[in-house]
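Peer 1: My structure is in run21.cif, and what it holds is mmCIF, C-alpha atoms and all ligand atoms:
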data_start
loop_
_atom_site.label_atom_id
_atom_site.label_comp_id
_atom_site.auth_asym_id
_atom_site.auth_seq_id
_atom_site.Cartn_x
_atom_site.Cartn_y
_atom_site.Cartn_z
CA MET A 20 9.52 -46.33 -63.51
CA SER A 21 12.05 -47.80 -65.86
CA ARG A 22 15.04 -46.10 -67.41
CA VAL A 23 16.54 -47.17 -70.73
CA TYR A 24 20.16 -47.06 -71.82
CA ASN A 25 20.06 -43.91 -73.91
CA PHE A 26 22.80 -43.65 -76.54
CA SER A 27 21.47 -40.42 -78.05
CA ALA A 28 23.98 -38.00 -79.55
CA GLY A 29 22.10 -35.08 -78.02
CA PRO A 30 20.14 -34.07 -76.12
CA ALA A 31 21.60 -36.97 -74.26
CA VAL A 32 21.76 -38.99 -71.08
CA LEU A 33 22.29 -37.08 -67.81
CA PRO A 34 23.40 -38.50 -64.46
CA GLU A 35 20.42 -40.08 -62.72
CA GLU A 36 21.57 -38.62 -59.44
CA VAL A 37 21.33 -35.11 -60.89
CA LEU A 38 17.84 -35.71 -62.26
CA LYS A 39 16.66 -37.06 -58.91
CA GLU A 40 18.07 -34.09 -57.05
CA ALA A 41 16.39 -31.71 -59.47
CA ALA A 42 13.13 -33.60 -59.00
CA ASP A 43 13.43 -33.30 -55.23
CA GLU A 44 13.99 -29.56 -55.53
CA MET A 45 11.33 -28.99 -58.16
CA LEU A 46 8.67 -27.46 -55.93
CA ASP A 47 10.84 -25.91 -53.25
CA TYR A 48 14.44 -25.04 -53.99
CA ASN A 49 16.49 -24.87 -50.83
CA GLY A 50 13.66 -23.51 -48.67
CA SER A 51 12.78 -20.71 -51.11
CA GLY A 52 9.28 -22.10 -51.55
CA MET A 53 9.62 -22.03 -55.32
CA SER A 54 11.21 -23.83 -58.23
CA VAL A 55 14.42 -22.46 -59.77
CA MET A 56 12.27 -22.00 -62.88
CA GLU A 57 10.10 -19.51 -61.01
CA MET A 58 12.90 -17.53 -59.47
CA SER A 59 14.19 -14.08 -60.41
CA HIS A 60 17.58 -14.32 -62.05
CA ARG A 61 18.49 -11.26 -59.95
CA SER A 62 17.64 -12.99 -56.67
CA LYS A 63 20.19 -13.89 -54.03
CA GLU A 64 19.41 -17.60 -54.48
CA TYR A 65 19.99 -17.49 -58.21
CA ASP A 66 23.12 -15.43 -57.91
CA ASP A 67 24.48 -18.19 -55.74
CA ILE A 68 23.49 -20.86 -58.27
CA ILE A 69 25.20 -19.21 -61.26
CA LYS A 70 28.31 -18.14 -59.31
CA THR A 71 28.74 -21.62 -57.83
CA ALA A 72 28.29 -23.18 -61.28
CA GLU A 73 31.00 -20.94 -62.68
CA LYS A 74 33.34 -21.63 -59.79
CA ASP A 75 32.90 -25.39 -60.08
CA LEU A 76 33.51 -25.28 -63.83
CA ARG A 77 36.65 -23.22 -63.24
CA ASP A 78 37.86 -25.80 -60.70
CA LEU A 79 37.10 -28.74 -62.98
CA MET A 80 38.84 -27.30 -66.04
CA ASN A 81 41.47 -25.33 -64.17
CA ILE A 82 40.44 -22.17 -66.05
CA PRO A 83 42.96 -19.35 -65.61
CA ASP A 84 41.82 -15.96 -64.27
CA ASN A 85 42.37 -14.24 -67.59
CA TYR A 86 39.54 -16.24 -69.15
CA LYS A 87 35.86 -15.38 -68.82
CA VAL A 88 33.17 -18.02 -68.53
CA LEU A 89 29.93 -17.03 -70.25
CA PHE A 90 26.61 -18.86 -70.01
CA LEU A 91 24.76 -17.90 -73.20
CA GLN A 92 21.85 -19.03 -75.34
CA GLY A 93 21.33 -19.93 -78.97
CA GLY A 94 23.09 -23.27 -78.86
CA ALA A 95 26.43 -24.02 -80.42
CA SER A 96 25.10 -22.87 -83.79
CA GLN A 97 24.72 -19.29 -82.60
CA GLN A 98 28.47 -19.25 -82.02
CA PHE A 99 29.06 -20.00 -85.69
CA ALA A 100 28.14 -16.32 -86.29
CA MET A 101 29.13 -14.82 -82.97
CA ILE A 102 32.75 -15.93 -83.33
CA PRO A 103 33.45 -14.19 -86.66
CA MET A 104 31.39 -11.13 -85.70
CA ASN A 105 33.46 -10.63 -82.56
CA LEU A 106 36.87 -12.00 -83.50
CA MET A 107 37.43 -11.22 -87.19
CA LYS A 108 39.27 -7.94 -86.74
CA ASN A 109 41.24 -8.43 -89.99
CA GLY A 110 38.27 -10.07 -91.64
CA VAL A 111 40.12 -13.36 -92.10
CA ALA A 112 39.94 -16.76 -90.38
CA ASP A 113 41.16 -20.27 -91.10
CA TYR A 114 38.84 -23.25 -90.75
CA ILE A 115 39.68 -26.94 -90.48
CA VAL A 116 36.65 -28.79 -91.79
CA THR A 117 36.36 -32.23 -90.21
CA GLY A 118 32.59 -32.71 -90.26
CA GLN A 119 29.21 -31.12 -90.69
CA TRP A 120 29.45 -28.85 -87.67
CA ALA A 121 32.81 -27.45 -88.71
CA LYS A 122 31.48 -27.05 -92.24
CA LYS A 123 28.46 -25.14 -91.03
CA ALA A 124 30.68 -22.89 -88.91
CA TRP A 125 32.93 -22.26 -91.92
CA GLN A 126 29.96 -21.48 -94.18
CA GLU A 127 28.51 -19.09 -91.61
CA ALA A 128 31.84 -17.31 -91.14
CA SER A 129 32.04 -16.83 -94.91
CA LYS A 130 29.13 -14.42 -94.59
CA TYR A 131 31.20 -12.10 -92.43
CA GLY A 132 34.68 -12.24 -93.90
CA LYS A 133 37.24 -14.35 -95.70
CA ALA A 134 36.93 -17.82 -94.20
CA ASN A 135 39.66 -20.06 -95.58
CA LYS A 136 39.15 -23.81 -95.56
CA ILE A 137 42.76 -24.79 -94.84
CA ALA A 138 42.18 -28.52 -94.38
CA SER A 139 39.32 -30.96 -94.74
CA SER A 140 38.56 -34.66 -94.47
CA GLU A 141 35.46 -34.53 -96.61
CA ASP A 142 37.19 -36.59 -99.34
CA LYS A 143 36.67 -39.68 -97.15
CA THR A 144 33.33 -38.74 -95.56
CA PHE A 145 35.07 -37.13 -92.61
CA SER A 146 36.36 -40.48 -91.36
CA TYR A 147 39.70 -39.09 -90.20
CA ILE A 148 41.43 -35.99 -88.85
CA PRO A 149 43.81 -34.44 -91.38
CA ASP A 150 47.46 -33.81 -90.58
CA CYS A 151 47.46 -30.34 -89.02
CA SER A 152 51.14 -30.01 -88.21
CA ASP A 153 52.01 -27.61 -91.05
CA LEU A 154 48.94 -25.99 -92.55
CA PRO A 155 48.88 -22.90 -94.78
CA ILE A 156 47.83 -20.53 -92.00
CA ASP A 157 46.95 -17.10 -93.39
CA ASP A 158 49.25 -14.35 -92.06
CA ASN A 159 46.18 -12.22 -91.48
CA ALA A 160 44.05 -14.90 -89.87
CA ASP A 161 42.38 -13.70 -86.69
CA TYR A 162 41.94 -17.27 -85.52
CA VAL A 163 42.10 -20.92 -86.50
CA TYR A 164 38.86 -22.84 -85.98
CA ILE A 165 38.30 -26.51 -85.20
CA CYS A 166 35.46 -28.76 -84.12
CA GLU A 167 37.41 -30.85 -81.63
CA ASN A 168 35.12 -33.86 -81.47
CA ASN A 169 33.01 -34.64 -84.50
CA THR A 170 29.72 -35.84 -83.08
CA ILE A 171 28.29 -37.20 -86.31
CA TYR A 172 31.38 -38.97 -87.66
CA GLY A 173 33.01 -40.06 -84.40
CA THR A 174 36.46 -38.53 -84.81
CA LYS A 175 38.44 -36.42 -82.38
CA PHE A 176 41.56 -34.27 -82.58
CA LYS A 177 44.07 -36.19 -80.41
CA GLU A 178 46.51 -33.37 -80.92
CA LEU A 179 45.62 -29.73 -81.42
CA PRO A 180 46.58 -28.19 -84.78
CA ASN A 181 49.72 -26.14 -85.14
CA THR A 182 48.18 -22.69 -85.49
CA LYS A 183 51.56 -21.01 -85.95
CA GLY A 184 50.82 -18.62 -83.14
CA LYS A 185 47.25 -17.78 -84.16
CA THR A 186 44.38 -17.95 -81.68
CA LEU A 187 42.70 -21.34 -81.55
CA VAL A 188 38.89 -21.46 -81.39
CA ALA A 189 37.31 -24.83 -80.63
CA ASP A 190 33.79 -26.20 -80.65
CA VAL A 191 33.89 -28.85 -77.91
CA SER A 192 30.13 -29.48 -77.71
CA SER A 193 30.42 -33.25 -77.76
CA CYS A 194 33.61 -33.66 -75.73
CA PHE A 195 33.06 -30.94 -73.12
CA LEU A 196 34.38 -32.12 -69.72
CA SER A 197 35.12 -35.60 -71.03
CA GLU A 198 38.82 -35.27 -70.20
CA PRO A 199 41.25 -32.64 -68.88
CA VAL A 200 42.23 -29.84 -71.27
CA ASP A 201 44.88 -27.16 -71.17
CA VAL A 202 42.71 -24.07 -71.49
CA THR A 203 45.74 -21.85 -72.16
CA LYS A 204 46.17 -23.46 -75.58
CA TYR A 205 42.88 -21.92 -76.72
CA GLY A 206 41.50 -18.44 -77.26
CA VAL A 207 37.92 -19.68 -77.18
CA ILE A 208 36.47 -23.01 -76.05
CA TYR A 209 32.75 -23.29 -76.47
CA GLY A 210 30.01 -25.85 -76.57
CA GLY A 211 26.31 -26.44 -76.44
CA VAL A 212 25.69 -28.29 -73.19
CA GLN A 213 23.06 -30.77 -74.37
CA LYS A 214 25.64 -33.39 -75.34
CA ASN A 215 27.63 -33.88 -72.19
CA ILE A 216 26.54 -31.40 -69.53
CA GLY A 217 22.92 -30.37 -69.31
CA PRO A 218 19.66 -29.39 -70.99
CA ALA A 219 19.57 -27.81 -74.44
CA GLY A 220 19.34 -24.04 -74.37
CA VAL A 221 22.66 -23.25 -72.75
CA VAL A 222 25.96 -22.71 -74.50
CA ILE A 223 29.11 -22.17 -72.46
CA VAL A 224 31.85 -19.95 -73.87
CA ILE A 225 35.27 -19.84 -72.23
CA ILE A 226 37.10 -16.91 -73.77
CA ARG A 227 40.45 -15.22 -73.14
CA GLU A 228 39.88 -11.68 -71.92
CA ASP A 229 41.97 -9.92 -74.55
CA LEU A 230 39.62 -11.28 -77.22
CA ILE A 231 36.64 -9.54 -75.63
CA THR A 232 36.49 -6.04 -77.07
CA GLU A 233 34.05 -3.41 -78.27
CA ASP A 234 35.67 -3.56 -81.67
CA VAL A 235 33.17 -5.91 -83.31
CA MET A 236 31.75 -6.09 -86.81
CA PRO A 237 29.51 -3.08 -87.50
CA GLY A 238 25.89 -3.99 -86.97
CA THR A 239 26.57 -6.87 -84.57
CA PRO A 240 23.45 -7.17 -82.42
CA THR A 241 23.91 -6.31 -78.76
CA MET A 242 22.97 -9.85 -77.76
CA LEU A 243 25.75 -11.25 -79.95
CA GLN A 244 28.58 -9.27 -78.39
CA TYR A 245 30.80 -11.13 -75.97
CA LYS A 246 31.65 -7.90 -74.16
CA ILE A 247 28.02 -7.21 -73.27
CA HIS A 248 27.68 -10.63 -71.63
CA ALA A 249 31.13 -10.60 -70.05
CA ASP A 250 30.59 -7.18 -68.45
CA ALA A 251 27.27 -8.37 -67.01
CA ASP A 252 28.57 -11.76 -65.75
CA SER A 253 26.14 -13.54 -68.10
CA LEU A 254 23.20 -11.63 -66.62
CA TYR A 255 22.77 -8.91 -69.27
CA ASN A 256 19.30 -10.29 -69.88
CA THR A 257 17.50 -13.31 -68.44
CA PRO A 258 19.86 -16.25 -68.90
CA PRO A 259 18.68 -19.83 -69.49
CA ALA A 260 18.36 -19.99 -65.73
CA TYR A 261 17.04 -23.49 -65.14
CA GLY A 262 19.49 -25.01 -67.62
CA ILE A 263 22.43 -23.35 -65.89
CA TYR A 264 21.19 -24.75 -62.57
CA ILE A 265 21.25 -28.28 -63.99
CA CYS A 266 24.72 -27.71 -65.47
CA GLY A 267 25.83 -26.65 -61.99
CA LYS A 268 24.59 -29.95 -60.59
CA VAL A 269 26.48 -31.87 -63.26
CA PHE A 270 29.66 -29.96 -62.37
CA LYS A 271 29.18 -31.01 -58.73
CA TRP A 272 28.58 -34.59 -59.84
CA LEU A 273 31.81 -34.56 -61.85
CA LYS A 274 33.76 -33.16 -58.91
CA LYS A 275 32.35 -35.88 -56.69
CA MET A 276 33.33 -38.50 -59.27
CA GLY A 277 36.91 -37.33 -58.96
CA GLY A 278 37.16 -34.65 -61.66
CA LEU A 279 38.25 -34.81 -65.26
CA GLU A 280 41.24 -37.14 -64.83
CA LYS A 281 38.91 -39.70 -63.33
CA ILE A 282 36.13 -39.23 -65.88
CA LYS A 283 38.69 -39.59 -68.66
CA GLU A 284 39.77 -42.92 -67.21
CA ILE A 285 36.16 -44.12 -67.15
CA ASN A 286 35.50 -42.79 -70.65
CA GLU A 287 38.56 -44.59 -71.98
CA LYS A 288 37.43 -47.78 -70.33
CA LYS A 289 33.95 -47.53 -71.86
CA ALA A 290 35.26 -46.69 -75.33
CA LYS A 291 37.75 -49.56 -75.20
CA ILE A 292 35.03 -52.08 -74.41
CA LEU A 293 33.07 -51.01 -77.48
CA TYR A 294 35.99 -50.50 -79.88
CA ASP A 295 37.62 -53.80 -78.89
CA PHE A 296 34.41 -55.58 -79.70
CA LEU A 297 34.04 -53.75 -83.04
CA ASP A 298 37.59 -54.74 -83.96
CA GLU A 299 36.93 -58.43 -83.37
CA SER A 300 33.32 -58.61 -84.58
CA LYS A 301 32.51 -60.35 -87.84
CA LEU A 302 29.23 -58.47 -88.23
CA PHE A 303 29.86 -54.94 -86.97
CA LYS A 304 32.67 -52.62 -87.79
CA GLY A 305 33.76 -49.12 -86.87
CA THR A 306 33.77 -46.47 -89.59
CA VAL A 307 36.68 -44.17 -88.77
CA GLU A 308 40.46 -44.35 -88.62
CA LYS A 309 41.51 -45.95 -85.38
CA LYS A 310 43.97 -43.25 -84.38
CA ASP A 311 41.25 -40.59 -84.62
CA ARG A 312 38.50 -42.41 -82.76
CA SER A 313 36.29 -40.37 -80.46
CA LEU A 314 35.81 -41.38 -76.84
CA MET A 315 32.25 -40.05 -76.98
CA ASN A 316 30.60 -40.95 -80.28
CA VAL A 317 31.10 -44.40 -81.76
CA PRO A 318 29.63 -44.96 -85.23
CA PHE A 319 29.49 -48.48 -86.62
CA VAL A 320 27.86 -50.41 -89.47
CA THR A 321 27.14 -53.95 -90.60
CA GLY A 322 27.52 -53.02 -94.25
CA ASP A 323 23.90 -53.96 -94.94
CA ALA A 324 21.22 -51.29 -94.45
CA ASP A 325 18.48 -53.87 -93.71
CA MET A 326 20.63 -55.54 -91.08
CA ASP A 327 21.39 -52.14 -89.55
CA ALA A 328 17.67 -51.37 -89.34
CA LYS A 329 16.97 -54.77 -87.79
CA PHE A 330 19.66 -54.21 -85.21
CA VAL A 331 18.38 -50.76 -84.28
CA ALA A 332 14.83 -52.09 -83.91
CA GLU A 333 15.80 -55.11 -81.80
CA ALA A 334 18.14 -53.04 -79.66
CA LYS A 335 15.34 -50.63 -78.95
CA LYS A 336 13.08 -53.46 -77.82
CA ALA A 337 15.83 -54.62 -75.50
CA GLY A 338 16.14 -51.16 -73.89
CA PHE A 339 19.08 -49.71 -75.85
CA VAL A 340 17.68 -46.61 -77.53
CA ASN A 341 18.77 -43.94 -80.00
CA LEU A 342 21.37 -46.10 -81.69
CA LYS A 343 20.44 -45.08 -85.23
CA GLY A 344 23.27 -43.26 -86.97
CA HIS A 345 22.96 -39.65 -88.10
CA ARG A 346 20.75 -39.28 -91.15
CA SER A 347 23.76 -38.20 -93.22
CA VAL A 348 25.80 -41.32 -92.42
CA GLY A 349 23.38 -44.19 -91.79
CA GLY A 350 24.33 -47.27 -89.79
CA MET A 351 24.54 -46.93 -86.03
CA ARG A 352 26.11 -44.59 -83.54
CA ALA A 353 26.46 -45.14 -79.82
CA SER A 354 27.12 -41.92 -77.94
CA ILE A 355 28.73 -42.83 -74.65
CA TYR A 356 28.94 -39.51 -72.86
CA ASN A 357 30.06 -38.98 -69.25
CA ALA A 358 26.68 -39.98 -67.81
CA MET A 359 26.54 -43.35 -69.61
CA PRO A 360 27.59 -45.88 -66.99
CA VAL A 361 30.17 -48.57 -67.79
CA GLU A 362 27.39 -51.15 -67.27
CA GLY A 363 25.45 -49.58 -70.12
CA VAL A 364 28.30 -50.17 -72.55
CA VAL A 365 28.94 -53.69 -71.25
CA ALA A 366 25.24 -54.50 -71.67
CA LEU A 367 25.22 -53.06 -75.19
CA VAL A 368 28.22 -55.14 -76.22
CA ASP A 369 26.60 -58.28 -74.75
CA PHE A 370 23.51 -57.51 -76.77
CA MET A 371 25.58 -56.97 -79.93
CA LYS A 372 27.32 -60.31 -79.40
CA LYS A 373 24.00 -62.05 -79.06
CA PHE A 374 22.66 -60.30 -82.15
CA GLU A 375 25.77 -61.27 -84.09
CA ALA A 376 25.45 -64.91 -83.10
CA GLU A 377 21.83 -64.97 -84.24
CA ASN A 378 22.32 -63.09 -87.49
CA LEU A 379 25.72 -63.99 -88.88
CA LYS A 380 25.17 -66.31 -91.81
C1 LIG B 401 25.23 -30.68 -81.60
C2 LIG B 401 26.41 -29.92 -82.06
C3 LIG B 401 26.30 -28.61 -82.55
C4 LIG B 401 24.97 -27.90 -82.70
O1 LIG B 401 24.46 -27.61 -81.47
P1 LIG B 401 23.13 -26.72 -81.31
O2 LIG B 401 23.13 -26.44 -79.85
O3 LIG B 401 21.99 -27.56 -81.78
O4 LIG B 401 23.30 -25.50 -82.13
C5 LIG B 401 27.44 -27.96 -82.92
N1 LIG B 401 28.64 -28.54 -82.82
C6 LIG B 401 28.79 -29.79 -82.36
C7 LIG B 401 30.14 -30.40 -82.27
C8 LIG B 401 27.67 -30.52 -81.98
O5 LIG B 401 27.82 -31.78 -81.53
#
How does the structure come out when it is put into structure tokens?
Peer 2:
Amino acid sequence: MSRVYNFSAGPAVLPEEVLKEAADEMLDYNGSGMSVMEMSHRSKEYDDIIKTAEKDLRDLMNIPDNYKVLFLQGGASQQFAMIPMNLMKNGVADYIVTGQWAKKAWQEASKYGKANKIASSEDKTFSYIPDCSDLPIDDNADYVYICENNTIYGTKFKELPNTKGKTLVADVSSCFLSEPVDVTKYGVIYGGVQKNIGPAGVVIVIIREDLITEDVMPGTPTMLQYKIHADADSLYNTPPAYGIYICGKVFKWLKKMGGLEKIKEINEKKAKILYDFLDESKLFKGTVEKKDRSLMNVPFVTGDADMDAKFVAEAKKAGFVNLKGHRSVGGMRASIYNAMPVEGVVALVDFMKKFEAENLK
């Protein structure tokens, strides 16, 4: 067996330890004589799995009691509709558009109400985070929406926007559990787990209780109502049971690593190794404003599409895979999520140095 260094933006690398544990438990989970995949979601064993997962996530993120944790399906994209359907009581929301995911969320919300684009960085291909200290927040806005880490472009909000008292809703898919957060600053924090936590198919929604009401947009499907899932502790219908089990293992892994303060330290170390090299390289360069750089997704280019393609191909041969940039941006992108070890980034930079020496004219 050989494992590569996987720099995929998502689905992405998971801790090897977690995968091994899951493999060990594949045929017989904890003496049950069956796989978690084969188990009733109403069983005692499964109840323990989902409750422990929630508890560990609450510990890791220090989630206050007045927030619910929901394990849902439909990926992050399902939330693009679920959020306006459940939260637009006045029919108005403000969106800060810092990339394709935020743009998609804004477009989707426009179907259900007045979705104002109050700031954007599209003028410079989303290569920065706009100043959000004094935005024209609508008096009637039910919430202000951000995508906190822009997976495709590699930017991150280092400071949350000034929402002028309005509820903040954040898509954290690609920075989930990468560093400590103050949950109380948000009304809703949500993310698809396939970037930094687990297998695709699970989306986690952390939502303040007062935002969970029966007063939703007329016609909202039962399955898209937060209250239905909150009242049933995420077991209204069959949840993505196996995926949640893997997420639970990743939460345990993070706790063992020392929690989010510690993982932040490691993530900063990894990002610094790569960014420092990009800043000194004569062949490669980063594509976003330094102050807004993501700790998780690092896009870079050579400025020559043929050279980019050659790099991606040679890197792949050397065991560094999924480095091709998003189809909308080109170039390269290294996603260095929690489960990417420091050695992986060091090895990548060594490879880039070697490639540079061989290819710089
Ligand atoms: C990947 C991603 C999405 C889309 O996730 P799906 O689970 O495929 O719907 C949304 N937002 C962000 C920030 C992402 O990185």
Peer 1: Within 9 Å of ligand LIG 401 (chain B), counting all atoms listed in the file, which protein or nucleic acid residues do you find, written as a ChimeraX atom specification?
Peer 2: /A:28-30,92-99,118-121,123-124,166-171,190-194,210-214,219-222
Peer 1: Those residues you just picked out, can you put them in a file as a PDB file, keeping the file's coordinate frame with C-alpha atoms?
Peer 2:
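Output file result-v6.pdb is given in full below:
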ATOM      1  CA  ALA A  28      23.980 -38.000 -79.550  1.00  0.00           C
ATOM      2  CA  GLY A  29      22.100 -35.080 -78.020  1.00  0.00           C
ATOM      3  CA  PRO A  30      20.140 -34.070 -76.120  1.00  0.00           C
ATOM      4  CA  GLN A  92      21.850 -19.030 -75.340  1.00  0.00           C
ATOM      5  CA  GLY A  93      21.330 -19.930 -78.970  1.00  0.00           C
ATOM      6  CA  GLY A  94      23.090 -23.270 -78.860  1.00  0.00           C
ATOM      7  CA  ALA A  95      26.430 -24.020 -80.420  1.00  0.00           C
ATOM      8  CA  SER A  96      25.100 -22.870 -83.790  1.00  0.00           C
ATOM      9  CA  GLN A  97      24.720 -19.290 -82.600  1.00  0.00           C
ATOM     10  CA  GLN A  98      28.470 -19.250 -82.020  1.00  0.00           C
ATOM     11  CA  PHE A  99      29.060 -20.000 -85.690  1.00  0.00           C
ATOM     12  CA  GLY A 118      32.590 -32.710 -90.260  1.00  0.00           C
ATOM     13  CA  GLN A 119      29.210 -31.120 -90.690  1.00  0.00           C
ATOM     14  CA  TRP A 120      29.450 -28.850 -87.670  1.00  0.00           C
ATOM     15  CA  ALA A 121      32.810 -27.450 -88.710  1.00  0.00           C
ATOM     16  CA  LYS A 123      28.460 -25.140 -91.030  1.00  0.00           C
ATOM     17  CA  ALA A 124      30.680 -22.890 -88.910  1.00  0.00           C
ATOM     18  CA  CYS A 166      35.460 -28.760 -84.120  1.00  0.00           C
ATOM     19  CA  GLU A 167      37.410 -30.850 -81.630  1.00  0.00           C
ATOM     20  CA  ASN A 168      35.120 -33.860 -81.470  1.00  0.00           C
ATOM     21  CA  ASN A 169      33.010 -34.640 -84.500  1.00  0.00           C
ATOM     22  CA  THR A 170      29.720 -35.840 -83.080  1.00  0.00           C
ATOM     23  CA  ILE A 171      28.290 -37.200 -86.310  1.00  0.00           C
ATOM     24  CA  ASP A 190      33.790 -26.200 -80.650  1.00  0.00           C
ATOM     25  CA  VAL A 191      33.890 -28.850 -77.910  1.00  0.00           C
ATOM     26  CA  SER A 192      30.130 -29.480 -77.710  1.00  0.00           C
ATOM     27  CA  SER A 193      30.420 -33.250 -77.760  1.00  0.00           C
ATOM     28  CA  CYS A 194      33.610 -33.660 -75.730  1.00  0.00           C
ATOM     29  CA  GLY A 210      30.010 -25.850 -76.570  1.00  0.00           C
ATOM     30  CA  GLY A 211      26.310 -26.440 -76.440  1.00  0.00           C
ATOM     31  CA  VAL A 212      25.690 -28.290 -73.190  1.00  0.00           C
ATOM     32  CA  GLN A 213      23.060 -30.770 -74.370  1.00  0.00           C
ATOM     33  CA  LYS A 214      25.640 -33.390 -75.340  1.00  0.00           C
ATOM     34  CA  ALA A 219      19.570 -27.810 -74.440  1.00  0.00           C
ATOM     35  CA  GLY A 220      19.340 -24.040 -74.370  1.00  0.00           C
ATOM     36  CA  VAL A 221      22.660 -23.250 -72.750  1.00  0.00           C
ATOM     37  CA  VAL A 222      25.960 -22.710 -74.500  1.00  0.00           C
TER      38      VAL A 222
END
Peer 1: Do you know which residues are at most 12 Å from Phe370 in chain A counting only C-alpha atoms, after dropping those on the same chain fewer than 2 positions away, and could you put them as a PyMOL selection string?
Peer 2: chain A and resi 293+296+330-331+333-339+363-368+372-377
Peer 1: Considering only C-alpha atoms, give me a table of residues in range 74-185 of chain A that are at most 10 Å from range 264-284 of chain A, with the closest atom pair and distance in Å for each, as CSV.
Peer 2:
residue,atom,partner,partner_atom,distance
A:Lys74,CA,A:Gly267,CA,9.3
A:Asp75,CA,A:Phe270,CA,6.1
A:Leu76,CA,A:Phe270,CA,6.2
A:Arg77,CA,A:Phe270,CA,9.7
A:Asp78,CA,A:Lys274,CA,8.6
A:Leu79,CA,A:Gly278,CA,6.1
A:Met80,CA,A:Leu279,CA,7.6
Peer 1: Rank A:Pro237, A:Gly350, A:Pro199, A:Pro258 by their smallest atom-to-atom distance to Lys108 in chain A, using only C-alpha atoms, and report the top residue only.
Peer 2: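 Distance minimum relative to Lys108 in chain A lands on A:Pro237.
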Peer 1: Give, as AutoDock Vina command-line options, the centre coordinates and the x, y and z edge lengths in Å to one decimal for an axis-aligned box around all listed atoms of range 129-137 of chain A, padded by 6 Å on each side.
Peer 2:
--center_x 35.9 --center_y -18.4 --center_z -94.1 --size_x 25.6 --size_y 24.7 --size_z 15.3
Peer 1: Show me, as a Markdown table, the residues of range 78-122 of chain A having an atom within 8 Å of range 202-208 of chain A, each with the closest atom pair and its distance in Å, using all atoms listed in the file.
Peer 2:
| residue | atom | partner | partner_atom | distance |
| --- | --- | --- | --- | --- |
| A:Met80 | CA | A:Val202 | CA | 7.4 |
| A:Asn81 | CA | A:Val202 | CA | 7.5 |
| A:Ile82 | CA | A:Val202 | CA | 6.2 |
| A:Pro83 | CA | A:Thr203 | CA | 7.5 |
Peer 1: Take CA of Gly52 in chain A and CA of Lys39 in chain A and report the distance between them in Å, one decimal.
Peer 2: 18.2 Å
Peer 1: Which one is closest to Asp158 in chain A: A:Ile292, A:Val37, A:Val348, A:Val111? Count all atoms listed in the file.
Peer 2: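 Among the listed residues, A:Val111 lies closest to Asp158 in chain A.
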Peer 1: Neighbours of Asn105 in chain A within 10 Å (all atoms listed in the file; same-chain residues fewer than 6 positions away dropped), as a PyMOL selection string?
Peer 2: chain A and resi 98+230-237+239+243-246
Peer 1: Contacts of Met351 in chain A at 6 Å or less, counting all atoms listed in the file, minus same-chain residues fewer than 4 places along, as a tab-separated table (two decimals) with C-alpha atoms, in the frame of the given file?
Peer 2:
chain	number	residue	atom	x	y	z
A	318	PRO	CA	29.63	-44.96	-85.23
A	319	PHE	CA	29.49	-48.48	-86.62
A	320	VAL	CA	27.86	-50.41	-89.47
A	342	LEU	CA	21.37	-46.10	-81.69
A	343	LYS	CA	20.44	-45.08	-85.23
A	344	GLY	CA	23.27	-43.26	-86.97
Peer 1: Using Å and a single decimal, report how far CA of Glu287 in chain A sits from CA of Arg312 in chain A.
Peer 2: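 We find that CA of Arg312 in chain A and CA of Glu287 in chain A lie 11.0 Å from each other.
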Peer 1: Using all atoms listed in the file, pick whichever of A:Asn25, A:Ser347, A:Asn109, A:Ser51 has the shortest atom-to-atom distance to Lys63 in chain A.
Peer 2: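 Comparing A:Asn25, A:Ser347, A:Asn109, A:Ser51 against Lys63 in chain A, the winner is A:Ser51.
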Peer 1: Of the candidates A:Asp325, A:Glu36, A:Glu178, A:Asp250, which shows the shortest atom-to-atom distance to Val88 in chain A, using all atoms listed in the file?
Peer 2: A:Asp250
Peer 1: CA of Ala189 in chain A and CA of Leu106 in chain A, how far apart in Å?
Peer 2: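 For CA of Leu106 in chain A relative to CA of Ala189 in chain A, the distance reads 13.2 Å.
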Peer 1: Taking only C-alpha atoms into account, which of A:Met53, A:Ile68, A:Val116, A:Met104 comes nearest Asn135 in chain A?
Peer 2: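 Counting only C-alpha atoms, the residue closest to Asn135 in chain A is A:Val116.
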Peer 1: Find the residue from A:Tyr162, A:Tyr255, A:Tyr114, A:Trp125 that sits nearest to Met242 in chain A; use all atoms listed in the file when measuring.
Peer 2: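 Of A:Tyr162, A:Tyr255, A:Tyr114, A:Trp125, the one nearest Met242 in chain A is A:Tyr255, counting all atoms listed in the file.
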